[in-house]
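See below for data-v6.txt, which holds compact mmCIF, C-alpha atoms.
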# COMPACT_ATOMS: atom_id res chain seq x y z
CA MET A 166 -34.08 -99.54 48.34
CA SER A 167 -37.04 -100.64 50.41
CA ASN A 168 -39.63 -102.87 48.83
CA GLN A 169 -42.33 -101.57 51.14
CA THR A 170 -44.53 -98.52 50.70
CA SER A 171 -45.68 -96.31 53.55
CA SER A 172 -48.55 -94.80 51.60
CA THR A 173 -51.88 -94.30 53.36
CA ILE A 174 -53.68 -94.28 50.00
CA ASP A 175 -56.17 -97.10 49.46
CA PRO A 176 -55.38 -98.29 45.91
CA TYR A 177 -58.82 -99.85 45.46
CA LYS A 178 -60.58 -96.63 46.40
CA HIS A 179 -58.16 -94.67 44.24
CA LEU A 180 -59.25 -96.61 41.13
CA GLN A 181 -62.82 -97.09 42.39
CA ILE A 182 -62.73 -100.86 42.11
CA ILE A 183 -63.89 -103.71 44.35
CA TYR A 184 -62.15 -107.07 44.24
CA ASN A 185 -64.79 -109.78 44.52
CA PRO A 186 -64.37 -113.22 46.15
CA ASP A 187 -64.75 -114.92 42.77
CA GLY A 188 -61.70 -113.11 41.39
CA THR A 189 -63.61 -110.53 39.36
CA LEU A 190 -63.66 -106.75 39.69
CA THR A 191 -66.53 -104.37 40.16
CA ARG A 192 -65.46 -101.25 38.26
CA MET A 193 -67.19 -98.07 39.40
CA LEU A 194 -65.06 -95.46 37.65
CA PRO A 195 -67.09 -93.72 34.92
CA ASP A 196 -65.91 -94.88 31.48
CA PRO A 197 -67.91 -93.17 28.71
CA ARG A 198 -67.94 -95.09 25.42
CA THR A 199 -68.08 -93.88 21.82
CA LEU A 200 -69.67 -95.80 18.97
CA PRO A 201 -67.80 -96.05 15.68
CA SER A 202 -69.07 -94.24 12.59
CA SER A 203 -68.27 -95.02 8.96
CA ASP A 204 -71.00 -92.77 7.53
CA THR A 205 -69.35 -90.90 4.67
CA THR A 206 -72.22 -88.37 4.56
CA LEU A 207 -71.20 -86.98 7.95
CA PRO A 208 -68.67 -84.14 8.23
CA ILE A 209 -66.04 -86.24 10.00
CA SER A 210 -62.32 -86.36 9.21
CA VAL A 211 -61.80 -89.97 10.29
CA LEU A 212 -64.07 -92.95 9.66
CA THR A 213 -64.24 -95.70 12.30
CA LYS A 214 -65.57 -99.23 12.52
CA ASP A 215 -65.17 -102.36 14.65
CA VAL A 216 -64.07 -105.73 13.29
CA THR A 217 -64.35 -108.93 15.33
CA ILE A 218 -61.15 -110.85 16.05
CA ASN A 219 -62.23 -113.62 18.43
CA GLN A 220 -65.91 -113.99 19.21
CA ILE A 221 -65.33 -116.37 22.14
CA ASN A 222 -62.92 -113.98 23.88
CA ASN A 223 -64.93 -110.93 22.79
CA THR A 224 -61.86 -109.32 21.26
CA TRP A 225 -62.03 -106.96 18.33
CA VAL A 226 -60.22 -104.10 16.66
CA ARG A 227 -61.46 -100.56 16.06
CA LEU A 228 -60.13 -99.20 12.78
CA PHE A 229 -59.54 -95.49 12.23
CA LEU A 230 -59.31 -94.46 8.58
CA PRO A 231 -58.44 -90.83 7.69
CA ARG A 232 -60.99 -89.48 5.24
CA LYS A 233 -58.23 -87.96 3.10
CA ALA A 234 -56.97 -91.46 2.28
CA ILE A 235 -60.15 -92.24 0.38
CA PRO A 236 -60.18 -91.27 -3.32
CA VAL A 237 -62.91 -88.81 -4.25
CA HIS A 238 -64.71 -91.33 -6.44
CA GLY A 239 -64.78 -94.31 -4.12
CA TYR A 240 -63.16 -96.61 -1.63
CA SER A 241 -60.62 -98.46 -3.75
CA THR A 242 -57.03 -97.46 -4.32
CA SER A 243 -54.36 -99.72 -5.73
CA ASN A 244 -51.66 -97.04 -5.78
CA GLN A 245 -49.09 -98.05 -3.17
CA ASN A 246 -47.91 -94.43 -2.90
CA HIS A 247 -51.28 -93.46 -1.47
CA LYS A 248 -51.32 -96.19 1.16
CA LEU A 249 -50.81 -95.30 4.79
CA PRO A 250 -48.68 -96.56 7.68
CA LEU A 251 -50.45 -98.85 10.13
CA ILE A 252 -50.31 -98.26 13.88
CA VAL A 253 -51.60 -101.17 15.97
CA PHE A 254 -52.52 -99.52 19.26
CA PHE A 255 -53.06 -100.95 22.75
CA HIS A 256 -54.79 -98.75 25.31
CA GLY A 257 -53.69 -98.15 28.88
CA GLY A 258 -55.65 -98.63 32.09
CA GLY A 259 -53.35 -100.83 34.15
CA PHE A 260 -54.52 -103.98 32.32
CA ILE A 261 -57.76 -103.79 34.36
CA LEU A 262 -59.63 -100.74 33.05
CA GLY A 263 -60.67 -99.22 29.75
CA SER A 264 -61.62 -100.33 26.27
CA ALA A 265 -60.86 -99.52 22.67
CA ALA A 266 -64.37 -98.01 22.76
CA SER A 267 -63.61 -95.77 25.76
CA THR A 268 -64.19 -92.20 24.62
CA ARG A 269 -60.78 -91.05 25.84
CA TYR A 270 -58.96 -93.73 23.82
CA HIS A 271 -61.30 -93.44 20.85
CA ASP A 272 -60.65 -89.71 20.64
CA PHE A 273 -56.90 -90.17 21.11
CA CYS A 274 -56.69 -92.70 18.26
CA LEU A 275 -59.01 -90.71 16.01
CA ASN A 276 -56.93 -87.55 16.39
CA MET A 277 -53.71 -89.53 15.97
CA ALA A 278 -54.93 -91.08 12.72
CA ASP A 279 -55.93 -87.64 11.46
CA SER A 280 -52.73 -85.91 12.57
CA ILE A 281 -50.24 -88.55 11.43
CA LYS A 282 -52.22 -89.68 8.38
CA ALA A 283 -52.05 -93.31 9.38
CA VAL A 284 -54.56 -96.12 9.74
CA VAL A 285 -54.87 -96.92 13.45
CA ALA A 286 -56.06 -100.32 14.65
CA SER A 287 -56.98 -100.07 18.34
CA VAL A 288 -57.20 -103.52 19.92
CA GLU A 289 -59.85 -104.62 22.41
CA TYR A 290 -58.07 -107.14 24.62
CA ARG A 291 -59.21 -109.08 27.68
CA LEU A 292 -58.78 -107.40 31.06
CA ALA A 293 -57.35 -108.70 34.32
CA PRO A 294 -57.94 -110.04 36.90
CA GLU A 295 -60.66 -111.96 35.10
CA HIS A 296 -58.00 -112.76 32.51
CA ARG A 297 -54.53 -112.56 34.01
CA ALA A 298 -51.30 -112.28 32.05
CA PRO A 299 -50.44 -113.49 29.50
CA ALA A 300 -54.05 -113.15 28.23
CA ALA A 301 -53.54 -109.58 27.00
CA TYR A 302 -50.29 -110.58 25.26
CA ASP A 303 -52.04 -113.55 23.64
CA ASP A 304 -54.80 -111.24 22.42
CA ALA A 305 -52.26 -108.75 21.09
CA MET A 306 -50.46 -111.38 19.03
CA GLU A 307 -53.77 -112.77 17.80
CA ALA A 308 -54.70 -109.24 16.70
CA VAL A 309 -51.46 -108.85 14.74
CA LEU A 310 -52.03 -112.18 12.98
CA PHE A 311 -55.66 -111.25 12.31
CA ILE A 312 -54.68 -107.94 10.74
CA ARG A 313 -52.12 -109.72 8.58
CA SER A 314 -54.73 -112.01 7.05
CA SER A 315 -57.90 -109.91 7.24
CA GLN A 316 -59.68 -109.17 3.99
CA ASP A 317 -61.35 -106.06 5.39
CA GLU A 318 -61.24 -103.46 2.65
CA TRP A 319 -60.00 -100.67 4.93
CA LEU A 320 -56.89 -102.75 5.54
CA THR A 321 -56.39 -104.21 2.08
CA GLN A 322 -57.10 -100.95 0.24
CA TYR A 323 -55.46 -98.31 2.42
CA VAL A 324 -52.71 -99.91 4.52
CA ASP A 325 -49.08 -100.11 3.52
CA TYR A 326 -48.40 -103.52 5.06
CA SER A 327 -44.66 -102.93 4.79
CA ASN A 328 -44.88 -100.02 7.24
CA CYS A 329 -46.42 -101.26 10.50
CA TYR A 330 -45.84 -100.17 14.12
CA LEU A 331 -46.95 -101.58 17.47
CA MET A 332 -47.82 -98.82 19.93
CA GLY A 333 -49.25 -98.48 23.40
CA ASN A 334 -49.39 -96.18 26.39
CA SER A 335 -48.76 -97.29 29.99
CA ALA A 336 -50.00 -100.90 30.31
CA GLY A 337 -50.66 -100.78 26.57
CA ALA A 338 -46.97 -100.08 25.98
CA VAL A 339 -46.11 -103.24 27.92
CA ILE A 340 -48.56 -105.15 25.73
CA ALA A 341 -47.03 -103.64 22.58
CA TYR A 342 -43.57 -104.61 23.84
CA HIS A 343 -44.52 -108.24 24.49
CA ALA A 344 -46.41 -108.43 21.19
CA GLY A 345 -43.25 -107.16 19.54
CA LEU A 346 -41.08 -109.79 21.23
CA ARG A 347 -43.45 -112.52 20.04
CA ALA A 348 -43.85 -111.08 16.55
CA ALA A 349 -40.08 -110.91 16.17
CA GLN A 350 -39.92 -114.67 16.74
CA GLU A 351 -42.71 -115.30 14.21
CA VAL A 352 -41.71 -112.75 11.60
CA ASP A 353 -41.72 -115.36 8.82
CA HIS A 354 -45.42 -115.98 9.49
CA LEU A 355 -46.41 -112.31 9.37
CA GLU A 356 -46.12 -111.71 5.62
CA PRO A 357 -47.20 -109.42 4.07
CA LEU A 358 -47.15 -107.49 7.36
CA LYS A 359 -43.75 -105.99 8.14
CA ILE A 360 -43.27 -104.42 11.54
CA LYS A 361 -40.84 -101.52 11.39
CA GLY A 362 -40.84 -100.52 15.02
CA LEU A 363 -42.33 -100.23 18.49
CA ILE A 364 -43.70 -97.03 20.02
CA LEU A 365 -43.72 -97.25 23.82
CA ARG A 366 -45.31 -94.32 25.63
CA GLN A 367 -44.68 -94.28 29.42
CA PRO A 368 -44.33 -98.09 29.56
CA GLY A 369 -45.81 -99.56 32.74
CA PHE A 370 -43.07 -102.00 33.71
CA ALA A 371 -42.41 -103.00 37.31
CA GLY A 372 -39.93 -104.80 39.55
CA THR A 373 -39.37 -105.60 43.20
CA LYS A 374 -36.47 -103.16 43.54
CA ARG A 375 -37.77 -99.60 43.72
CA THR A 376 -36.52 -97.01 41.27
CA ASP A 377 -35.67 -93.44 42.27
CA SER A 378 -38.73 -92.08 40.45
CA GLU A 379 -41.02 -94.57 42.23
CA LEU A 380 -39.70 -93.47 45.63
CA ARG A 381 -39.72 -89.79 44.73
CA LEU A 382 -43.30 -89.95 43.50
CA GLU A 383 -44.61 -92.58 45.92
CA ASN A 384 -47.78 -90.57 46.59
CA ASP A 385 -48.27 -89.25 43.08
CA PRO A 386 -51.90 -88.15 42.68
CA VAL A 387 -52.29 -89.90 39.32
CA LEU A 388 -50.40 -93.15 39.83
CA PRO A 389 -49.24 -93.69 43.44
CA LEU A 390 -46.85 -96.55 44.11
CA CYS A 391 -49.44 -98.55 46.05
CA VAL A 392 -51.60 -98.62 42.91
CA THR A 393 -48.85 -100.01 40.70
CA ASP A 394 -48.18 -102.67 43.35
CA MET A 395 -51.87 -103.58 43.48
CA LEU A 396 -52.07 -103.75 39.68
CA ALA A 397 -49.21 -106.24 39.61
CA GLU A 398 -51.09 -108.41 42.12
CA LEU A 399 -54.22 -108.32 39.97
CA VAL A 400 -52.52 -108.82 36.62
CA LEU A 401 -49.69 -111.31 37.13
CA PRO A 402 -50.28 -115.04 37.53
CA ILE A 403 -51.12 -115.87 41.14
CA GLY A 404 -48.02 -116.67 43.17
CA VAL A 405 -45.38 -114.68 41.26
CA ASP A 406 -43.84 -111.33 42.19
CA ARG A 407 -43.00 -108.22 40.17
CA ASP A 408 -39.70 -109.73 39.03
CA HIS A 409 -41.46 -111.77 36.41
CA GLU A 410 -40.86 -111.49 32.65
CA TYR A 411 -44.49 -110.43 32.15
CA CYS A 412 -43.79 -107.11 33.85
CA ASN A 413 -40.01 -106.75 34.27
CA PRO A 414 -38.07 -106.77 30.97
CA MET A 415 -34.74 -106.91 32.82
CA VAL A 416 -35.16 -110.46 34.21
CA GLY A 417 -35.09 -114.02 32.87
CA ASP A 418 -34.90 -114.36 29.10
CA GLY A 419 -36.20 -110.82 28.60
CA PRO A 420 -32.88 -109.21 27.60
CA LYS A 421 -31.96 -112.09 25.29
CA LYS A 422 -35.25 -111.75 23.41
CA LEU A 423 -34.14 -108.29 22.26
CA ASP A 424 -31.47 -109.89 20.07
CA LYS A 425 -34.07 -110.74 17.44
CA ILE A 426 -35.43 -107.18 17.40
CA LYS A 427 -31.87 -105.94 16.89
CA ASP A 428 -31.26 -108.46 14.09
CA LEU A 429 -34.47 -107.42 12.32
CA GLY A 430 -33.43 -103.78 12.40
CA TRP A 431 -36.60 -102.62 14.12
CA ARG A 432 -36.47 -99.22 15.75
CA VAL A 433 -38.02 -98.44 19.10
CA LEU A 434 -39.33 -95.11 20.40
CA VAL A 435 -39.60 -94.79 24.18
CA SER A 436 -41.05 -91.60 25.64
CA GLY A 437 -41.77 -90.52 29.19
CA ASN A 438 -42.09 -87.65 31.65
CA GLY A 439 -40.21 -86.70 34.80
CA GLY A 440 -43.41 -86.40 36.83
CA ASP A 441 -44.38 -89.99 36.12
CA PRO A 442 -43.41 -92.61 38.74
CA LEU A 443 -42.75 -95.05 35.87
CA VAL A 444 -40.19 -92.84 34.11
CA ASP A 445 -37.10 -94.62 35.44
CA ARG A 446 -38.46 -97.96 34.21
CA GLY A 447 -38.59 -96.51 30.72
CA LYS A 448 -35.06 -95.17 31.04
CA GLU A 449 -33.81 -98.57 32.23
CA LEU A 450 -35.37 -100.18 29.16
CA VAL A 451 -33.68 -97.66 26.86
CA GLN A 452 -30.33 -98.40 28.51
CA LEU A 453 -30.87 -102.15 28.12
CA MET A 454 -31.78 -101.76 24.45
CA GLU A 455 -28.73 -99.61 23.80
CA GLU A 456 -26.54 -102.24 25.44
CA LYS A 457 -28.16 -104.91 23.24
CA GLY A 458 -27.57 -102.88 20.08
CA VAL A 459 -31.25 -102.16 19.40
CA GLN A 460 -31.92 -98.95 17.46
CA VAL A 461 -33.74 -96.97 20.13
CA VAL A 462 -34.92 -93.35 20.15
CA SER A 463 -35.68 -91.89 23.58
CA ASN A 464 -37.67 -88.80 24.45
CA PHE A 465 -37.92 -87.95 28.15
CA GLU A 466 -39.26 -84.58 29.21
CA GLU A 467 -38.52 -83.16 32.68
CA GLU A 468 -42.12 -82.12 33.30
CA GLY A 469 -45.41 -83.94 32.77
CA ARG A 470 -47.41 -86.66 34.49
CA HIS A 471 -48.59 -90.13 33.69
CA ALA A 472 -51.09 -90.48 30.83
CA GLU A 473 -51.24 -86.71 30.30
CA GLU A 474 -51.66 -87.10 26.53
CA ILE A 475 -54.95 -88.93 27.04
CA PHE A 476 -56.50 -86.00 28.92
CA ASP A 477 -54.66 -82.97 27.55
CA PRO A 478 -55.14 -82.23 23.80
CA ILE A 479 -52.01 -80.07 23.71
CA LYS A 480 -49.86 -82.89 25.11
CA ALA A 481 -51.54 -85.31 22.72
CA LYS A 482 -50.65 -83.08 19.78
CA GLU A 483 -47.01 -83.00 20.92
CA LEU A 484 -46.96 -86.80 21.07
CA TYR A 485 -48.51 -87.08 17.61
CA GLY A 486 -45.69 -84.90 16.30
CA LEU A 487 -43.10 -87.10 17.98
CA VAL A 488 -44.65 -90.28 16.57
CA LYS A 489 -45.04 -88.78 13.10
CA GLY A 490 -41.38 -87.78 13.06
CA PHE A 491 -40.35 -91.26 14.21
CA ILE A 492 -42.36 -92.96 11.47
CA SER A 493 -41.19 -90.50 8.82
CA SER A 494 -37.54 -91.11 9.74
CA ILE A 495 -38.03 -94.82 9.13
CA SER A 496 -40.17 -94.49 6.00
CA ALA A 497 -37.81 -92.03 4.33
Please express the file's structure as structure tokens.
Amino acid sequence: MSNQTSSTIDPYKHLQIIYNPDGTLTRMLPDPRTLPSSDTTLPISVLTKDVTINQINNTWVRLFLPRKAIPVHGYSTSNQNHKLPLIVFFHGGGFILGSAASTRYHDFCLNMADSIKAVVASVEYRLAPEHRAPAAYDDAMEAVLFIRSSQDEWLTQYVDYSNCYLMGNSAGAVIAYHAGLRAAQEVDHLEPLKIKGLILRQPGFAGTKRTDSELRLENDPVLPLCVTDMLAELVLPIGVDRDHEYCNPMVGDGPKKLDKIKDLGWRVLVSGNGGDPLVDRGKELVQLMEEKGVQVVSNFEEEGRHAEEIFDPIKAKELYGLVKGFISSISA
């Protein structure tokens, strides 16, 4: 397969970004933001609030608490049976765009918390190229450790710490994957938090050798191949190519690191769509996990494009059902 792309698409114009001489980006794509609300007098089904993780790095987590989890007479519940699963979520955006406060991700997490009846912790991590990999992975692991030790009442009162999942879509799925690899190595330091699995939605992995889906969908209107190439250049450490462990799980020590996930008995859900250029990367990961003995559940639909669940409420609802079923099968 050729490593070159013949696309006439300008990836910078496609994402409406300008790469500045100082290594920063000017981001011109509209990105509406939503403020959190924990006002119990409002007719809202999910309460939200932001909690600071690292003031220096400006990282934080937005918590989504389903209203139905709160007892009628107050905030406190000590009954373990009423506590909810925890989904630690990492948003997409190619590592360079978006925020936990972005309206599209806020709404996605809010509806997911309401539909699944889970507490969702959406992580605000540092973006590239201002903060190249592994900055986002560092932030993800710091978020997991923060959640483990936080005394925030929404976590201590309503979360079943023994039923935690790391989830992301696109670039966020790559972050969730790397956070999972690290967490598996530090599992003894995560108590009382117990990760049960990873939920990887259209994971944005890459490599120098083109996959069939990348070639077939080279000029995809949502995520053309030239854009994924450009993202790798902006995200990875300067001087390395796409066959780096930060973006290609098939190389280096990547496959070996799955041994720990297998030994811990974690389960992994990988889902994708046939109209997504990244779909074959997800299928390759599933095959690798199966070969390594990891308990993996795959869900690949023939139709559908990249990130459709973020923009299409019907597709989002289908994904919520898939995730709910995955969690229920583990919790049963």
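Going from CA of Ile364 (chain A) over to CA of Met332 (chain A), you cover 4.5 Å.
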Review point. When you draw a straight line from CA of Gln181 (chain A) to CA of Glu473 (chain A), how long is it in Å?
Key: 19.7 Å
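Note that the spacing between CA of His256 (chain A) and CA of Thr373 (chain A) amounts to 24.6 Å.
Taking all atoms listed in the file into account, Glu356 (chain A) lies nearest to A:Phe311 out of the set A:Met395, A:Phe311, A:Gly369, A:Val461.
Each of A:Pro420, A:Gly188, A:Pro368, A:Pro250 was checked against Asn438 (chain A) using all atoms listed in the file; the smallest atom-to-atom distance is that of A:Pro368.
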**Study point:** Test item: residues at most 7 Å from Arg366 (chain A), all atoms listed in the file, excluding those fewer than 5 positions along its chain, as a PyMOL selection string
**Key:** chain A and resi 333-335+338+435-437
Point to revise | Residue neighbourhood Glu456 (chain A), 12 Å, all atoms listed in the file, exclusion window fewer than 3 positions, as a count of residues only | key: 14
What lies within 9 Å of Ile312 (chain A) using only C-alpha atoms, ignoring chain neighbours under 6 positions off, as a PDB file with C-alpha atoms, in the frame of the given file?
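File produced: selection_20.pdb:
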ATOM      1  CA  ILE A 218     -61.150-110.850  16.050  1.00  0.00           C
ATOM      2  CA  VAL A 226     -60.220-104.100  16.660  1.00  0.00           C
ATOM      3  CA  ALA A 286     -56.060-100.320  14.650  1.00  0.00           C
ATOM      4  CA  LEU A 320     -56.890-102.750   5.540  1.00  0.00           C
ATOM      5  CA  LEU A 358     -47.150-107.490   7.360  1.00  0.00           C
TER       6      LEU A 358
END
Revision key, fill the gap. With distances taken over only C-alpha atoms, the candidate from A:Trp431, A:Tyr184, A:Phe255, A:Phe229 nearest Gly458 (chain A) is A:Trp431
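Of the residues under consideration (A:Leu434, A:Thr206, A:Asp441, A:Val392), A:Val392 shows the shortest atom-to-atom contact distance to Thr173 (chain A) when counting all atoms listed in the file.
Between Met193 (chain A) and the residues A:Met454, A:Leu390, A:Val462, A:Leu180, the shortest atom-to-atom distance, using all atoms listed in the file, involves A:Leu180.
Excluding region 342-353 of chain A itself and same-chain residues fewer than 2 positions from it, the residues having an atom within 6 Å of it are Ala305, Met306, Val339, Ile340 and Leu355 of chain A, counting only C-alpha atoms.
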For those residues, write C-alpha atoms to a file as a compact mmCIF listing (two decimals), in the coordinates of the input.
# COMPACT_ATOMS: atom_id res chain seq x y z
CA ALA A 305 -52.26 -108.75 21.09
CA MET A 306 -50.46 -111.38 19.03
CA VAL A 339 -46.11 -103.24 27.92
CA ILE A 340 -48.56 -105.15 25.73
CA LEU A 355 -46.41 -112.31 9.37
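Compared by their closest atoms to Gly447 (chain A), and using all atoms listed in the file, the residues A:Asp477, A:Glu379, A:Asp385, A:Asp418 rank with A:Glu379 nearest.
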Exercise for review: For Gly417 (chain A), work out the shell of residues within 9 Å, counting all atoms listed in the file and skipping chain neighbours fewer than 5 positions away, then give it as number ranges by chain.
Suggested key: A: 408-410
I'd like a table as CSV: residues in region 316-417 of chain A with an atom no more than 9 Å from region 487-492 of chain A, each row giving the shortest atom pair and its distance in Å to one decimal, only C-alpha atoms counted, sorted by chain and rising residue number.
residue,atom,partner,partner_atom,distance
A:Asn328,CA,A:Ile492,CA,8.6
A:Tyr330,CA,A:Ile492,CA,8.4
A:Lys361,CA,A:Ile492,CA,8.7
A:Gly362,CA,A:Ile492,CA,8.5
A:Ile364,CA,A:Val488,CA,7.6
